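Working notes, structure below.
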Amino acid sequence: MILSLISQTLLIVLFLTFSFGPAFFALINIGIKHGYRSGSLLAIGIVISDFLLCIGVILLVHYGATNLIQDEKNQRFMGIVAGIILIIFGSFYFRKPLNKSDESIEIKAPSAKAMLLKGFFLNILNPAVWVIWLGNVTAVSNTLNFSVFKMILFFGITLSLVLLVEFGKIAASTKLKKFLTDKIMLTINRLTGALLIIFGLVLIYNHYFGKIKL
């Protein structure tokens, strides 16, 4: 049982921290652009949303209400809303940068509240994350004898490890900042924005028109 839980923990940590979704690229971009503090706050917002999602899915599984997540209408609505939000987030990365030659302009990092909320909504409104957590909870529930307390404790510890790995990713990304020129940073911003917009368009298309395999 213990070995099974350890292996499942490692798989979940690796999957959540190195899945190349919109949150991944936003996290790296913020770490490079605004530093460790802002990136860490974004990561905390993402992990908080993961934890709340996890608890919600555990309760749904416990009370046999998983059809709410699997319902096609609910998935379509969440997919379209998430797609629109990702497109809006992505468009912000195409804003014209401030002219650094003007020393009177102070470039401020986003507020703590803004970073927490951005991480939270960037993650929780992604329907794929709901499906991922449904799979994670289903895989672990039998091992933990379907105990709500044990599952919340297990995933709480797992997400703490996820947060530590995220902090490590942000620390690594901030080290790259001194090697990046303005031109490279502009390219990274536009690439991040383009990826977020693509993710958003794919979500909308998948949940309204059909399926795109990436």
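Chain identifiers are assigned as A, B, and so on, following the order in which chains appear in the structure tokens; residues are numbered from 1 within each chain, and ligands are numbered from 1 in order of appearance.
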
For the interface of segment 74-177 of chain A with segment 3-23 of chain A (cut-off 9 Å, counting only C-alpha atoms), please tabulate each contacting residue of segment 74-177 of chain A alongside its nearest pair of atoms and their separation in Å to one decimal, rows sorted by chain and increasing number, as CSV.
residue,atom,partner,partner_atom,distance
A:Leu86,CA,A:Pro22,CA,7.9
A:Gly119,CA,A:Ala23,CA,7.3
A:Leu122,CA,A:Ala23,CA,6.4
A:Asn123,CA,A:Ala23,CA,6.5
A:Asn136,CA,A:Ile12,CA,7.5
A:Ala139,CA,A:Gln8,CA,8.4
A:Val140,CA,A:Gln8,CA,7.7
A:Thr143,CA,A:Leu5,CA,7.7
A:Leu144,CA,A:Leu5,CA,8.9
A:Phe154,CA,A:Thr9,CA,8.5
A:Phe155,CA,A:Thr9,CA,8.3
A:Ile157,CA,A:Thr9,CA,8.9
A:Thr158,CA,A:Thr9,CA,5.9
A:Leu159,CA,A:Val13,CA,7.4
A:Leu161,CA,A:Val13,CA,6.9
A:Val162,CA,A:Val13,CA,5.3
A:Leu163,CA,A:Thr17,CA,8.5
A:Val165,CA,A:Thr17,CA,7.0
A:Glu166,CA,A:Thr17,CA,6.5
A:Lys169,CA,A:Thr17,CA,8.8

Saved selection, atoms kept: C-alpha atoms, as a tab-separated table (two decimals), in the first residue's frame:
chain	number	residue	atom	x	y	z
A	86	LEU	CA	-7.11	32.10	-21.87
A	119	GLY	CA	-3.00	31.47	-11.02
A	122	LEU	CA	-5.96	30.08	-15.03
A	123	ASN	CA	-6.02	26.60	-13.51
A	136	ASN	CA	-6.29	11.08	-9.80
A	139	ALA	CA	-6.98	6.01	-8.97
A	140	VAL	CA	-6.20	6.64	-5.29
A	143	THR	CA	-6.07	2.32	-2.15
A	144	LEU	CA	-7.24	4.61	0.66
A	154	PHE	CA	-2.85	12.38	0.83
A	155	PHE	CA	-3.53	14.99	-1.82
A	157	ILE	CA	0.81	16.29	1.07
A	158	THR	CA	1.10	15.61	-2.67
A	159	LEU	CA	0.22	19.20	-3.58
A	161	LEU	CA	5.39	18.57	-2.96
A	162	VAL	CA	3.99	20.00	-6.21
A	163	LEU	CA	4.37	23.52	-4.79
A	165	VAL	CA	8.78	21.68	-7.35
A	166	GLU	CA	7.01	24.76	-8.76
A	169	LYS	CA	11.07	25.84	-11.51

**OP:** Run DSSP on the backbone of this structure and report the residues of segment 10-189 of chain A it assigns to alpha helix (DSSP H), as an MDAnalysis selection string.
**Re:** chainID A and resid 10:17 22:34 36:62 67:70 72:92 112:124 127:141 148:175 182:189

Original post:
Taking into account only C-alpha atoms, which residue in the set A:Phe121, A:Phe25, A:Phe146, A:Tyr208 is nearest to Tyr93 of chain A?
Top reply: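 Going through A:Phe121, A:Phe25, A:Phe146, A:Tyr208 one by one, the smallest distance to Tyr93 of chain A is for A:Phe25.
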
**OP:** Work out how far apart atom CA of Lys118 of chain A and atom CA of Leu42 of chain A are and give it in Å to one decimal.
**Re:**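 Computing it gives 6.7 Å between the two atoms.
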
Original post:
Pick from A:Gly35, A:Gly156, A:Gly56, A:Gly83: nearest to Ile198 of chain A, with only C-alpha atoms counted?
Top reply: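 Closest residue, counting only C-alpha atoms: A:Gly83.
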
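Interatomic distance, atom CA of Lys73 of chain A to atom CA of Leu196 of chain A: 23.7 Å.
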
**OP:** Return the single residue from A:Leu117, A:Ala194, A:Leu164, A:Leu53 that is closest to Val129 of chain A, with distances computed using only C-alpha atoms.
**Re:** A:Leu53

Subject >> Pick from A:Lys150, A:Lys113, A:Lys183, A:Arg190 nearest to Phe94 of chain A, counting only C-alpha atoms >> reply: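 Of the candidates, the smallest distance to Phe94 of chain A is held by A:Arg190.
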
Subject >> Polymer residues at most 9 Å from Trp133 of chain A, only C-alpha atoms, same-chain spacing of 2 or more positions, as number ranges by chain >> reply: A: 50, 53-54, 57-58, 128-131, 135-138

Print the selection's residues with C-alpha atoms to a file, as a CSV table (one decimal), in the first residue's frame.
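Final output, result_16.csv:
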chain,number,residue,atom,x,y,z
A,50,ASP,CA,-5.8,22.3,-7.4
A,53,LEU,CA,-10.7,21.1,-7.0
A,54,CYS,CA,-9.3,18.0,-5.4
A,57,VAL,CA,-13.9,15.9,-6.8
A,58,ILE,CA,-13.4,13.8,-3.7
A,128,ALA,CA,-8.9,19.3,-18.6
A,129,VAL,CA,-7.8,19.9,-15.0
A,130,TRP,CA,-11.1,18.7,-13.7
A,131,VAL,CA,-10.8,15.5,-15.7
A,135,GLY,CA,-8.7,10.4,-12.7
A,136,ASN,CA,-6.3,11.1,-9.8
A,137,VAL,CA,-9.0,10.7,-7.2
A,138,THR,CA,-10.4,7.6,-8.8

Original post:
How many Å lie between atom CA of Leu125 of chain A and atom CA of Ala171 of chain A, rounded to one decimal?
Top reply: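 Here the two named atoms are 26.2 Å from each other.
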